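Structure data follow from work_27.txt (compact mmCIF, C-alpha atoms):
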```
# COMPACT_ATOMS: atom_id res chain seq x y z
CA MET A 20 0.00 0.00 0.00
CA ASN A 21 1.30 3.45 -0.97
CA LEU A 22 1.08 5.63 2.15
CA HIS A 23 2.15 8.83 0.39
CA SER A 24 -0.41 11.48 -0.46
CA VAL A 25 -1.52 11.60 -4.10
CA LYS A 26 1.01 13.48 -6.21
CA GLY A 27 0.25 17.18 -6.26
CA THR A 28 -1.99 17.08 -3.16
CA ARG A 29 -1.26 18.01 0.45
CA ASP A 30 -1.89 16.68 3.92
CA PHE A 31 -2.58 19.26 6.62
CA TYR A 32 -1.04 18.31 9.96
CA PRO A 33 -2.17 20.41 12.96
CA GLU A 34 0.41 23.18 12.47
CA GLU A 35 -0.39 23.47 8.75
CA MET A 36 -4.07 23.43 9.66
CA ARG A 37 -3.58 26.35 12.06
CA MET A 38 -1.86 28.30 9.27
CA ARG A 39 -4.65 27.44 6.82
CA ASN A 40 -7.34 28.50 9.28
CA TRP A 41 -5.53 31.77 9.94
CA LEU A 42 -5.48 32.59 6.21
CA PHE A 43 -9.11 31.55 5.75
CA ASP A 44 -10.12 33.72 8.73
CA VAL A 45 -8.48 36.78 7.16
CA TRP A 46 -10.25 36.09 3.86
CA ARG A 47 -13.61 35.37 5.47
CA ASN A 48 -13.62 38.21 8.03
CA THR A 49 -12.58 40.86 5.49
CA ALA A 50 -15.25 39.72 3.03
CA LEU A 51 -17.90 39.92 5.75
CA GLN A 52 -16.71 43.43 6.65
CA PHE A 53 -17.33 44.43 3.02
CA GLY A 54 -20.88 43.08 3.15
CA PHE A 55 -20.26 39.89 1.15
CA GLU A 56 -22.21 36.70 1.92
CA GLU A 57 -20.68 33.23 1.96
CA TYR A 58 -21.89 30.38 -0.27
CA ASP A 59 -20.62 26.94 -1.24
CA ALA A 60 -21.25 24.15 -3.76
CA CYS A 61 -20.35 20.49 -4.13
CA VAL A 62 -16.86 19.68 -5.40
CA LEU A 63 -18.47 17.42 -8.04
CA GLU A 64 -20.01 19.02 -11.11
CA HIS A 65 -21.15 17.89 -14.55
CA ALA A 66 -18.06 18.07 -16.77
CA GLU A 67 -20.08 19.95 -19.40
CA LEU A 68 -20.02 22.96 -17.09
CA TYR A 69 -16.32 23.39 -17.99
CA THR A 70 -15.89 21.76 -21.40
CA ARG A 71 -18.49 23.92 -23.18
CA LYS A 72 -16.23 27.01 -22.94
CA ALA A 73 -14.11 26.80 -26.09
CA GLY A 74 -10.55 28.06 -25.96
CA ASP A 75 -9.94 27.35 -22.28
CA GLU A 76 -6.80 25.47 -21.32
CA ILE A 77 -8.66 24.34 -18.22
CA THR A 78 -10.62 21.77 -20.26
CA GLU A 79 -7.38 19.82 -20.68
CA GLN A 80 -6.71 19.83 -16.92
CA LEU A 81 -9.96 18.33 -15.64
CA TYR A 82 -10.10 15.47 -13.19
CA SER A 83 -13.09 13.97 -15.02
CA PHE A 84 -14.68 10.52 -14.97
CA GLU A 85 -17.86 8.61 -15.66
CA ASP A 86 -19.85 7.51 -12.61
CA LYS A 87 -21.77 4.23 -12.23
CA SER A 88 -24.85 5.79 -13.83
CA GLY A 89 -22.93 6.92 -16.90
CA ARG A 90 -22.84 10.60 -15.98
CA HIS A 91 -19.73 12.49 -17.11
CA LEU A 92 -18.55 14.32 -13.98
CA SER A 93 -15.55 16.37 -12.92
CA LEU A 94 -13.92 17.64 -9.77
CA ARG A 95 -14.25 21.41 -9.98
CA PRO A 96 -11.15 23.17 -11.36
CA GLU A 97 -12.55 26.62 -10.47
CA MET A 98 -15.60 28.03 -8.69
CA THR A 99 -16.99 30.62 -11.12
CA PRO A 100 -18.98 28.16 -13.32
CA SER A 101 -20.58 26.68 -10.18
CA LEU A 102 -21.50 30.20 -9.10
CA ALA A 103 -23.02 30.88 -12.53
CA ARG A 104 -25.04 27.66 -12.32
CA MET A 105 -26.35 28.53 -8.85
CA VAL A 106 -27.35 32.04 -9.88
CA LEU A 107 -29.17 30.78 -12.98
CA GLN A 108 -31.04 28.15 -10.94
CA HIS A 109 -32.64 30.78 -8.70
CA GLN A 110 -32.23 33.92 -10.79
CA LYS A 111 -35.84 35.10 -10.40
CA ALA A 112 -35.73 34.77 -6.60
CA LEU A 113 -32.41 36.58 -6.10
CA SER A 114 -32.04 40.27 -5.33
CA PHE A 115 -29.28 41.84 -7.43
CA PRO A 116 -26.56 42.94 -7.15
CA LEU A 117 -25.20 39.89 -5.35
CA LYS A 118 -22.01 40.09 -3.31
CA TRP A 119 -20.94 36.51 -2.64
CA PHE A 120 -17.73 34.78 -1.58
CA SER A 121 -16.54 31.23 -0.99
CA VAL A 122 -13.39 29.29 -0.09
CA PRO A 123 -13.59 26.15 -2.26
CA GLN A 124 -11.04 23.42 -2.88
CA CYS A 125 -10.21 23.11 -6.59
CA PHE A 126 -8.45 20.42 -8.63
CA ARG A 127 -6.47 20.70 -11.86
CA TYR A 128 -4.23 18.08 -13.45
CA GLU A 129 -1.31 20.23 -14.57
CA ARG A 130 2.45 20.43 -14.43
CA MET A 131 3.58 21.25 -10.92
CA THR A 132 5.91 24.18 -10.25
CA ARG A 133 6.59 26.44 -7.29
CA GLY A 134 3.26 27.84 -6.17
CA ARG A 135 1.24 25.36 -8.23
CA ARG A 136 -0.26 22.10 -6.99
CA ARG A 137 -2.94 19.83 -8.42
CA GLU A 138 -5.27 20.87 -5.63
CA HIS A 139 -5.57 24.15 -3.83
CA PHE A 140 -7.99 26.22 -1.84
CA GLN A 141 -9.10 29.47 -3.40
CA TRP A 142 -10.90 32.47 -2.00
CA ASN A 143 -13.46 33.65 -4.57
CA ALA A 144 -15.40 36.89 -4.32
CA ASP A 145 -17.83 38.15 -6.96
CA ILE A 146 -20.28 40.99 -7.52
CA ILE A 147 -23.10 39.97 -9.88
CA GLY A 148 -25.63 42.38 -11.33
CA GLU A 149 -23.64 45.65 -11.30
CA SER A 150 -22.40 46.90 -14.70
CA SER A 151 -20.60 50.10 -13.67
CA GLU A 152 -16.95 50.47 -12.71
CA ILE A 153 -18.07 50.78 -9.07
CA ALA A 154 -18.17 46.97 -8.95
CA GLU A 155 -14.54 46.74 -10.11
CA ALA A 156 -13.49 49.35 -7.57
CA GLU A 157 -15.20 47.50 -4.72
CA ILE A 158 -13.77 44.12 -5.75
CA LEU A 159 -10.26 45.58 -5.98
CA SER A 160 -10.70 47.39 -2.64
CA LEU A 161 -11.71 44.12 -0.98
CA LEU A 162 -8.74 42.32 -2.48
CA LEU A 163 -6.17 44.97 -1.54
CA THR A 164 -7.62 45.30 1.97
CA VAL A 165 -7.02 41.59 2.48
CA CYS A 166 -3.46 41.99 1.22
CA ARG A 167 -2.89 44.76 3.74
CA ASN A 168 -4.49 42.64 6.48
CA LEU A 169 -1.96 39.94 5.61
CA GLY A 170 0.85 42.46 6.12
CA LEU A 171 1.61 43.27 2.47
CA THR A 172 2.27 46.83 1.32
CA SER A 173 2.61 48.56 -2.06
CA LYS A 174 6.37 47.93 -1.73
CA ASP A 175 5.73 44.17 -1.63
CA ILE A 176 3.07 43.74 -4.32
CA CYS A 177 1.54 45.43 -7.34
CA LEU A 178 -1.93 45.06 -8.87
CA PHE A 179 -1.49 44.93 -12.64
CA LEU A 180 -4.55 46.07 -14.65
CA ASN A 181 -5.60 45.54 -18.24
CA ASP A 182 -8.83 45.08 -20.21
CA ARG A 183 -9.83 42.27 -22.58
CA ARG A 184 -11.38 44.81 -24.95
CA ILE A 185 -7.94 46.40 -25.35
CA LEU A 186 -6.45 43.03 -26.28
CA ASN A 187 -9.22 42.42 -28.80
CA GLU A 188 -8.54 45.84 -30.33
CA ILE A 189 -4.84 44.98 -30.60
CA LEU A 190 -5.56 41.65 -32.32
CA ASP A 191 -8.03 43.36 -34.67
CA SER A 192 -5.45 46.03 -35.54
CA ILE A 193 -2.86 43.43 -36.59
CA GLY A 194 -5.37 41.43 -38.63
CA VAL A 195 -6.08 38.41 -36.41
CA PRO A 196 -9.57 37.04 -37.24
CA GLU A 197 -12.06 37.33 -34.38
CA GLN A 198 -12.69 33.59 -34.23
CA LEU A 199 -9.00 33.06 -33.40
CA HIS A 200 -8.94 35.57 -30.53
CA PRO A 201 -9.75 33.03 -27.75
CA ASN A 202 -6.99 30.60 -28.81
CA VAL A 203 -4.47 33.38 -29.33
CA MET A 204 -5.20 34.84 -25.89
CA VAL A 205 -4.61 31.46 -24.24
CA ILE A 206 -1.15 31.53 -25.85
CA MET A 207 -0.61 35.18 -24.91
CA ASP A 208 -1.28 34.22 -21.28
CA LYS A 209 1.76 31.90 -21.48
CA ARG A 210 4.10 34.63 -22.74
CA ASP A 211 5.94 35.03 -19.44
CA LYS A 212 6.14 31.26 -18.90
CA VAL A 213 7.74 30.13 -22.20
CA SER A 214 10.71 31.23 -24.31
CA SER A 215 10.22 33.80 -27.07
CA ASP A 216 10.86 31.10 -29.69
CA ALA A 217 8.23 28.83 -28.13
CA PHE A 218 5.80 31.77 -27.95
CA THR A 219 6.34 32.48 -31.66
CA GLU A 220 5.91 28.82 -32.57
CA LEU A 221 2.63 28.54 -30.65
CA LEU A 222 1.23 31.62 -32.40
CA GLN A 223 2.34 30.32 -35.80
CA GLN A 224 0.35 27.17 -35.09
CA GLU A 225 -2.69 29.48 -34.95
CA GLU A 226 -1.79 30.69 -38.46
CA MET A 227 -0.36 34.03 -37.35
CA ALA A 228 2.33 35.45 -39.65
CA LEU A 229 5.74 36.49 -38.30
CA SER A 230 4.94 40.12 -39.12
CA GLN A 231 1.76 39.89 -36.97
CA ILE A 232 3.71 38.29 -34.10
CA THR A 233 6.33 41.05 -34.27
CA ARG A 234 3.63 43.74 -34.10
CA LEU A 235 1.88 41.91 -31.26
CA ASN A 236 5.10 41.85 -29.22
CA GLU A 237 5.55 45.56 -29.89
CA PHE A 238 2.07 46.29 -28.56
CA LEU A 239 2.63 44.10 -25.47
CA ALA A 240 5.78 46.09 -24.63
CA ILE A 241 3.98 49.46 -24.50
CA PRO A 242 4.36 50.73 -20.91
CA THR A 243 1.60 53.34 -20.51
CA MET A 244 -2.05 53.88 -21.34
CA GLU A 245 -1.18 57.22 -22.95
CA GLU A 246 1.23 55.62 -25.44
CA LEU A 247 -1.21 52.82 -26.18
CA ALA A 248 -4.03 55.34 -26.74
CA SER A 249 -1.86 57.16 -29.27
CA LYS A 250 -1.73 53.94 -31.34
CA LEU A 251 -5.22 52.50 -30.76
CA GLY A 252 -7.26 55.56 -29.89
CA GLU A 253 -9.38 56.00 -26.77
CA THR A 254 -10.98 52.54 -26.72
CA LYS A 255 -13.78 51.51 -24.35
CA GLY A 256 -11.29 49.45 -22.39
CA LEU A 257 -8.92 52.36 -21.83
CA ILE A 258 -11.75 54.70 -20.83
CA SER A 259 -13.06 52.14 -18.33
CA LEU A 260 -9.60 51.56 -16.83
CA ARG A 261 -9.13 55.29 -16.29
CA LYS A 262 -12.39 55.42 -14.32
CA ILE A 263 -11.40 52.42 -12.20
CA MET A 264 -7.95 53.82 -11.43
CA ALA A 265 -9.47 57.20 -10.51
CA LEU A 266 -11.89 55.49 -8.08
CA MET A 267 -9.07 53.48 -6.53
CA THR A 268 -6.94 56.59 -6.11
CA GLN A 269 -9.85 58.31 -4.34
CA SER A 270 -10.17 55.31 -2.02
CA GLY A 271 -6.50 55.60 -1.01
CA LEU A 272 -5.37 52.40 -2.76
CA GLY A 273 -4.01 53.88 -5.98
CA ASP A 274 -0.39 53.21 -4.99
CA PHE A 275 -0.93 49.48 -5.56
CA LEU A 276 -2.14 49.84 -9.19
CA LYS A 277 -0.19 49.70 -12.44
CA PHE A 278 -1.36 49.39 -16.05
CA ASP A 279 0.10 46.37 -17.87
CA VAL A 280 -1.07 45.60 -21.40
CA SER A 281 0.54 42.14 -21.28
CA ILE A 282 -1.89 40.86 -18.61
CA VAL A 283 -4.24 38.42 -20.37
CA ARG A 284 -5.77 35.84 -17.98
CA GLY A 285 -6.20 32.40 -19.54
CA LEU A 286 -9.97 31.91 -19.19
CA SER A 287 -12.01 32.83 -22.23
CA TYR A 288 -15.05 34.23 -20.43
CA TYR A 289 -13.50 37.57 -19.40
CA THR A 290 -15.07 40.52 -21.22
CA GLY A 291 -13.65 43.68 -19.61
CA MET A 292 -11.15 44.63 -16.92
CA ILE A 293 -8.68 41.88 -15.99
CA PHE A 294 -6.00 41.99 -13.30
CA GLU A 295 -3.32 40.08 -11.44
CA ILE A 296 -1.41 40.71 -8.22
CA ASN A 297 2.29 39.94 -8.19
CA ASP A 298 5.53 41.47 -7.00
CA ALA A 299 6.79 44.42 -9.02
CA ASP A 300 9.16 42.26 -11.10
CA LYS A 301 6.69 39.43 -11.68
CA ALA A 302 9.35 37.05 -10.43
CA GLN A 303 6.84 34.34 -9.53
CA ARG A 304 3.34 33.11 -10.31
CA ALA A 305 0.56 35.64 -9.83
CA ILE A 306 -0.77 35.71 -6.26
CA CYS A 307 -4.32 36.09 -7.54
CA GLY A 308 -6.28 37.30 -10.52
CA GLY A 309 -9.70 37.99 -11.94
CA GLY A 310 -11.78 40.43 -13.92
CA ARG A 311 -15.15 41.22 -15.45
CA TYR A 312 -17.12 38.39 -17.10
CA ASP A 313 -20.44 39.81 -18.34
CA SER A 314 -21.22 36.99 -20.79
CA LEU A 315 -20.53 33.85 -18.74
CA LEU A 316 -24.07 33.30 -17.51
CA SER A 317 -25.48 33.68 -21.02
CA THR A 318 -23.24 30.84 -22.24
CA TYR A 319 -25.14 28.53 -19.89
CA GLY A 320 -28.51 29.49 -21.32
CA GLY A 321 -29.39 32.43 -19.07
CA GLY A 322 -29.64 36.12 -19.73
CA SER A 323 -26.59 38.36 -19.87
CA ILE A 324 -25.87 39.42 -16.27
CA PRO A 325 -22.87 41.70 -15.54
CA ALA A 326 -20.35 40.20 -13.13
CA VAL A 327 -16.85 40.81 -11.79
CA GLY A 328 -14.75 38.75 -9.42
CA PHE A 329 -11.47 37.05 -8.59
CA GLY A 330 -9.80 33.89 -7.35
CA PHE A 331 -7.08 34.04 -4.67
CA GLY A 332 -5.25 30.74 -4.08
CA ASP A 333 -3.69 29.63 -0.80
CA VAL A 334 -0.44 28.14 -2.14
CA VAL A 335 1.27 31.18 -3.67
CA ILE A 336 0.29 33.68 -0.97
CA LEU A 337 1.68 31.47 1.80
CA ASP A 338 4.94 31.11 -0.16
CA VAL A 339 5.11 34.89 -0.60
CA LEU A 340 4.43 35.63 3.07
CA SER A 341 7.03 33.03 4.08
CA ASP A 342 9.66 34.55 1.76
CA LEU A 343 8.93 38.01 3.18
CA LYS A 344 8.97 36.64 6.75
CA LYS A 345 5.48 37.99 7.34
CA LEU A 346 3.82 34.82 8.60
CA PRO A 347 2.81 34.90 12.27
CA SER A 348 3.60 32.08 14.67
CA PHE A 349 1.28 29.10 14.40
CA ALA A 350 2.38 27.41 17.59
CA ARG A 351 -0.42 25.70 19.46
CA ARG A 352 -1.71 27.66 22.45
CA LEU A 353 -3.79 26.35 25.35
CA ASP A 354 -5.15 28.30 28.29
CA TYR A 355 -4.99 25.46 30.84
CA LEU A 356 -3.58 22.00 31.39
CA VAL A 357 -5.38 20.25 34.27
CA VAL A 358 -3.24 17.57 35.93
CA PRO A 359 -4.46 14.94 38.42
CA PHE A 360 -1.70 12.85 39.99
CA SER A 361 -3.77 9.84 41.08
CA ALA A 362 -6.91 8.07 39.96
CA ASP A 363 -8.81 9.61 42.90
CA GLU A 364 -8.49 13.12 41.42
CA ILE A 365 -9.60 12.28 37.84
CA GLY A 366 -13.27 13.03 38.53
CA MET A 367 -12.45 16.46 39.97
CA ALA A 368 -10.08 17.10 37.03
CA LEU A 369 -12.95 16.46 34.62
CA THR A 370 -15.24 18.76 36.60
CA ILE A 371 -12.74 21.64 36.70
CA SER A 372 -11.88 21.20 33.00
CA ASN A 373 -15.52 21.36 31.92
CA GLN A 374 -16.22 24.38 34.11
CA LEU A 375 -13.27 26.23 32.56
CA ARG A 376 -14.43 25.25 29.04
CA GLN A 377 -17.87 26.65 29.80
CA LYS A 378 -16.09 29.96 30.46
CA GLY A 379 -14.64 29.83 26.94
CA LYS A 380 -11.18 28.59 27.90
CA SER A 381 -9.17 26.01 25.96
CA VAL A 382 -8.35 23.16 28.33
CA GLU A 383 -6.64 19.80 28.11
CA CYS A 384 -6.43 17.14 30.82
CA ASP A 385 -3.31 15.07 31.39
CA TYR A 386 -4.51 11.66 32.60
CA SER A 387 -1.11 10.00 32.43
CA LEU A 388 -0.74 10.28 36.27
CA LYS A 389 2.95 11.07 35.81
CA LYS A 390 5.07 13.00 38.28
CA VAL A 391 5.12 16.81 38.43
CA LYS A 392 8.29 17.20 36.36
CA LYS A 393 6.87 15.15 33.48
CA ALA A 394 3.55 17.04 33.66
CA LEU A 395 5.33 20.40 33.38
CA GLN A 396 7.39 19.15 30.45
CA ARG A 397 4.14 18.21 28.77
CA ALA A 398 2.77 21.69 29.48
CA ASP A 399 5.79 23.24 27.76
CA GLU A 400 5.27 21.01 24.73
CA LEU A 401 1.63 22.06 24.50
CA ASN A 402 2.45 25.78 24.92
CA VAL A 403 0.12 26.05 27.91
CA GLU A 404 -0.42 29.34 29.71
CA LYS A 405 -1.35 27.85 33.12
CA VAL A 406 -1.16 24.42 34.73
CA VAL A 407 -3.78 23.41 37.29
CA MET A 408 -2.31 20.71 39.56
CA LEU A 409 -4.56 18.60 41.79
CA PHE A 410 -2.89 17.44 45.02
CA PRO A 411 -4.76 15.59 47.81
CA ASP A 412 -3.96 18.06 50.64
CA GLU A 413 -4.96 21.14 48.62
CA LEU A 414 -8.11 19.45 47.29
CA ALA A 415 -9.16 18.62 50.84
CA ALA A 416 -9.19 22.39 51.48
CA GLY A 417 -11.09 23.09 48.22
CA LYS A 418 -8.00 24.41 46.46
CA VAL A 419 -5.67 23.59 43.55
CA VAL A 420 -2.14 24.72 42.66
CA VAL A 421 -2.02 27.02 39.61
CA ARG A 422 1.35 27.51 37.91
CA GLU A 423 2.02 30.34 35.43
CA MET A 424 4.25 28.69 32.85
CA GLN A 425 5.84 31.90 31.57
CA THR A 426 6.94 33.21 34.97
CA ARG A 427 7.25 29.77 36.62
CA GLN A 428 5.38 31.14 39.63
CA GLN A 429 2.63 29.19 41.32
CA LYS A 430 0.08 29.67 44.08
CA ASN A 431 -2.83 27.96 45.77
CA VAL A 432 -6.21 29.04 44.37
CA SER A 433 -9.66 28.00 45.48
CA ILE A 434 -11.57 25.93 42.94
CA GLU A 435 -14.49 28.37 43.15
CA GLU A 436 -12.23 31.33 42.32
CA LEU A 437 -10.55 29.46 39.46
CA THR A 438 -13.77 28.41 37.73
CA SER A 439 -15.67 31.66 38.29
```
Representation of the structure as structure tokens:
Amino acid sequence: MNLHSVKGTRDFYPEEMRMRNWLFDVWRNTALQFGFEEYDACVLEHAELYTRKAGDEITEQLYSFEDKSGRHLSLRPEMTPSLARMVLQHQKALSFPLKWFSVPQCFRYERMTRGRRREHFQWNADIIGESSEIAEAEILSLLLTVCRNLGLTSKDICLFLNDRRILNEILDSIGVPEQLHPNVMVIMDKRDKVSSDAFTELLQQEEMALSQITRLNEFLAIPTMEELASKLGETKGLISLRKIMALMTQSGLGDFLKFDVSIVRGLSYYTGMIFEINDADKAQRAICGGGRYDSLLSTYGGGSIPAVGFGFGDVVILDVLSDLKKLPSFARRLDYLVVPFSADEIGMALTISNQLRQKGKSVECDYSLKKVKKALQRADELNVEKVVMLFPDELAAGKVVVREMQTRQQKNVSIEELTS
């Protein structure tokens, strides 16, 4: 029997679980502060939910299978299609705009690199039913507030902004047929991950000429919106980005933002603003990304509902915080260790422990009946604040010995005083 975890997956021992819970708490609490509501869905979905979107690399990464009833199912690779399905199921009963978030586990069969596993948890937040740039500004404000709550500053990270409409305008201007745009953008999303020769070869496979590829690379190297506007004109995408950046500057978060025409995002359903967070040099995988996807729900048979959102994975951000030495301590912490030293005191130990727990304290009992030295060693291992020791003479007087582990001082305390 192979006792290793499945390749690309992780086990979470208690210390890793404490770190995971800490991250999830920051995500969850910040979302609630912004007025978002939490939702969830089953990890199993009909595979058609993902395969019907042409041009998405994700269709090649599905963990899909046929169940005993012949249904073609998949472990979810991302949460947004599940969200779209849920909204369409109860569209008439919902009050828009929706502000929803979730922390799902997602699975993709792909090549593993630093920051990329075949399973990960991902914080998703979406605003559905708001078409104005206010939705983008609120989504970006939520995202950057979480980054600040995790200890990151504008010196550590940058939020790179672009717009899919700008990329479509660029492809139109160099003569790429519209039906090829989705496939070409999937390749463009790989530009920072492959060599220039490999990038050229992939585009040639989509029947792009060398002259078109040269012009595309020239466009993708343009550093500012002003220079791009001088070549493309004031497109809808550029006008929208200016509004978003103005709103973010007014909110005090403008220092994090930077225009980057090379940001693409691999999923085909994006229709407007797209973004990624990374360090200033893009030396690693993006910490998170997202954008506007106004047409996704219509591809599943519903009406066109405006939407904007993001996915924020747990793997990369924990690597980043570790590299920057910004992770807090995840050592276990207990308020009390209650220690009986003979079988006669076990009943009283249980009573005291439960009374302390009813007061909201974290308490563990040591029933090993070992000597004091061993009990205190155990308390150090558990990172206990106080040890409650039950000795016959003190118990006869209604008291216990309480030892402060940090100061190593101890005193007799009445049981009534301790538990009240």
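Nearest to Val357 in chain A of all the residues A:Ala326, A:Leu190, A:Leu437, A:Ala416 is A:Leu437, based on only C-alpha atoms.
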Give me the residues near Tyr355 in chain A as a tab-separated table (two decimals) with C-alpha atoms, in the coordinates of the input, where near means some atom within 8 Å (using only C-alpha atoms) and where sequence neighbours in that chain fewer than 2 positions away do not count.
```
chain	number	residue	atom	x	y	z
A	353	LEU	CA	-3.79	26.35	25.35
A	357	VAL	CA	-5.38	20.25	34.27
A	380	LYS	CA	-11.18	28.59	27.90
A	381	SER	CA	-9.17	26.01	25.96
A	382	VAL	CA	-8.35	23.16	28.33
A	383	GLU	CA	-6.64	19.80	28.11
A	403	VAL	CA	0.12	26.05	27.91
A	404	GLU	CA	-0.42	29.34	29.71
A	405	LYS	CA	-1.35	27.85	33.12
A	406	VAL	CA	-1.16	24.42	34.73
A	407	VAL	CA	-3.78	23.41	37.29
```
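Relative to CA of Trp46 in chain A, CA of Gly328 in chain A is found at 14.3 Å.
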Name all residues at most 12 Å from Thr243 in chain A (count all atoms listed in the file; drop same-chain ones fewer than 5 positions away) and give them as a list in words. Phe179, Leu180, Asn181, Phe238, Ala248, Ser249, Lys250, Leu257, Leu260, Arg261, Lys277, Phe278, Asp279, Val280 and Ser281 of chain A
How would the residues just chosen look if you wrote them out with C-alpha atoms as a short mmCIF file (atom, residue, chain, number, x, y, z; two decimals), in the frame of the given file?
```
data_model
loop_
_atom_site.label_atom_id
_atom_site.label_comp_id
_atom_site.auth_asym_id
_atom_site.auth_seq_id
_atom_site.Cartn_x
_atom_site.Cartn_y
_atom_site.Cartn_z
CA PHE A 179 -1.49 44.93 -12.64
CA LEU A 180 -4.55 46.07 -14.65
CA ASN A 181 -5.60 45.54 -18.24
CA PHE A 238 2.07 46.29 -28.56
CA ALA A 248 -4.03 55.34 -26.74
CA SER A 249 -1.86 57.16 -29.27
CA LYS A 250 -1.73 53.94 -31.34
CA LEU A 257 -8.92 52.36 -21.83
CA LEU A 260 -9.60 51.56 -16.83
CA ARG A 261 -9.13 55.29 -16.29
CA LYS A 277 -0.19 49.70 -12.44
CA PHE A 278 -1.36 49.39 -16.05
CA ASP A 279 0.10 46.37 -17.87
CA VAL A 280 -1.07 45.60 -21.40
CA SER A 281 0.54 42.14 -21.28
#
```
Long-range neighbours of Phe410 in chain A as a ChimeraX atom specification, 7 Å cut-off, only C-alpha atoms, 3 positions minimum in chain: /A:360,413-414,419
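In this structure, CA of Ile193 in chain A sits 18.5 Å away from CA of Met244 in chain A.
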Could the residues of range 222-335 of chain A that have an atom at most 12 Å from range 55-71 of chain A be listed as a tab-separated table, each with its closest atom pair and the distance in Å to one decimal, counting only C-alpha atoms and ordered by chain and ascending residue number?
```
residue	atom	partner	partner_atom	distance
A:Leu286	CA	A:Tyr69	CA	10.7
A:Ser287	CA	A:Arg71	CA	11.1
A:Tyr288	CA	A:Tyr69	CA	11.2
A:Leu315	CA	A:Leu68	CA	11.0
A:Leu316	CA	A:Leu68	CA	11.1
A:Thr318	CA	A:Arg71	CA	8.4
A:Tyr319	CA	A:Leu68	CA	8.1
A:Gly320	CA	A:Leu68	CA	11.5
A:Gly328	CA	A:Phe55	CA	12.0
```
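Picture a line from CA of Tyr386 in chain A to CA of Thr438 in chain A; it runs 19.8 Å.
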Repaired coordinates for range 427-431 of chain A (all heavy atoms) as a PDB file, in the coordinates of the input:
```
ATOM      1  N   ARG A 427       6.891  30.900  35.756  1.00  0.00           N
ATOM      2  CA  ARG A 427       7.250  29.770  36.620  1.00  0.00           C
ATOM      3  C   ARG A 427       6.802  29.992  38.068  1.00  0.00           C
ATOM      4  O   ARG A 427       7.303  29.340  38.987  1.00  0.00           O
ATOM      5  CB  ARG A 427       8.756  29.478  36.581  1.00  0.00           C
ATOM      6  CG  ARG A 427       9.299  29.204  35.189  1.00  0.00           C
ATOM      7  CD  ARG A 427       8.702  27.959  34.583  1.00  0.00           C
ATOM      8  NE  ARG A 427       9.226  27.675  33.244  1.00  0.00           N
ATOM      9  CZ  ARG A 427       8.805  26.690  32.463  1.00  0.00           C
ATOM     10  NH1 ARG A 427       7.830  25.902  32.886  1.00  0.00           N
ATOM     11  NH2 ARG A 427       9.310  26.515  31.272  1.00  0.00           N
ATOM     12  N   GLN A 428       5.894  30.917  38.269  1.00  0.00           N
ATOM     13  CA  GLN A 428       5.380  31.140  39.630  1.00  0.00           C
ATOM     14  C   GLN A 428       4.071  30.377  39.802  1.00  0.00           C
ATOM     15  O   GLN A 428       3.311  30.203  38.852  1.00  0.00           O
ATOM     16  CB  GLN A 428       5.143  32.641  39.854  1.00  0.00           C
ATOM     17  CG  GLN A 428       6.427  33.468  39.839  1.00  0.00           C
ATOM     18  CD  GLN A 428       6.168  34.945  40.055  1.00  0.00           C
ATOM     19  OE1 GLN A 428       5.031  35.398  39.952  1.00  0.00           O
ATOM     20  NE2 GLN A 428       7.210  35.695  40.379  1.00  0.00           N
ATOM     21  N   GLN A 429       3.855  29.938  41.054  1.00  0.00           N
ATOM     22  CA  GLN A 429       2.630  29.190  41.320  1.00  0.00           C
ATOM     23  C   GLN A 429       2.057  29.566  42.679  1.00  0.00           C
ATOM     24  O   GLN A 429       2.768  30.055  43.556  1.00  0.00           O
ATOM     25  CB  GLN A 429       2.883  27.681  41.234  1.00  0.00           C
ATOM     26  CG  GLN A 429       3.876  27.143  42.230  1.00  0.00           C
ATOM     27  CD  GLN A 429       4.212  25.674  41.956  1.00  0.00           C
ATOM     28  OE1 GLN A 429       4.523  25.299  40.817  1.00  0.00           O
ATOM     29  NE2 GLN A 429       4.157  24.843  42.998  1.00  0.00           N
ATOM     30  N   LYS A 430       0.743  29.354  42.818  1.00  0.00           N
ATOM     31  CA  LYS A 430       0.080  29.670  44.080  1.00  0.00           C
ATOM     32  C   LYS A 430      -1.155  28.788  44.242  1.00  0.00           C
ATOM     33  O   LYS A 430      -1.665  28.218  43.268  1.00  0.00           O
ATOM     34  CB  LYS A 430      -0.319  31.146  44.111  1.00  0.00           C
ATOM     35  CG  LYS A 430      -1.307  31.548  43.018  1.00  0.00           C
ATOM     36  CD  LYS A 430      -1.632  33.041  43.107  1.00  0.00           C
ATOM     37  CE  LYS A 430      -2.613  33.450  41.994  1.00  0.00           C
ATOM     38  NZ  LYS A 430      -2.963  34.882  42.060  1.00  0.00           N
ATOM     39  N   ASN A 431      -1.595  28.692  45.482  1.00  0.00           N
ATOM     40  CA  ASN A 431      -2.830  27.960  45.770  1.00  0.00           C
ATOM     41  C   ASN A 431      -4.033  28.858  45.459  1.00  0.00           C
ATOM     42  O   ASN A 431      -4.070  30.023  45.874  1.00  0.00           O
ATOM     43  CB  ASN A 431      -2.870  27.531  47.230  1.00  0.00           C
ATOM     44  CG  ASN A 431      -1.834  26.454  47.534  1.00  0.00           C
ATOM     45  OD1 ASN A 431      -1.112  26.015  46.642  1.00  0.00           O
ATOM     46  ND2 ASN A 431      -1.756  26.032  48.788  1.00  0.00           N
TER      47      ASN A 431
END
```
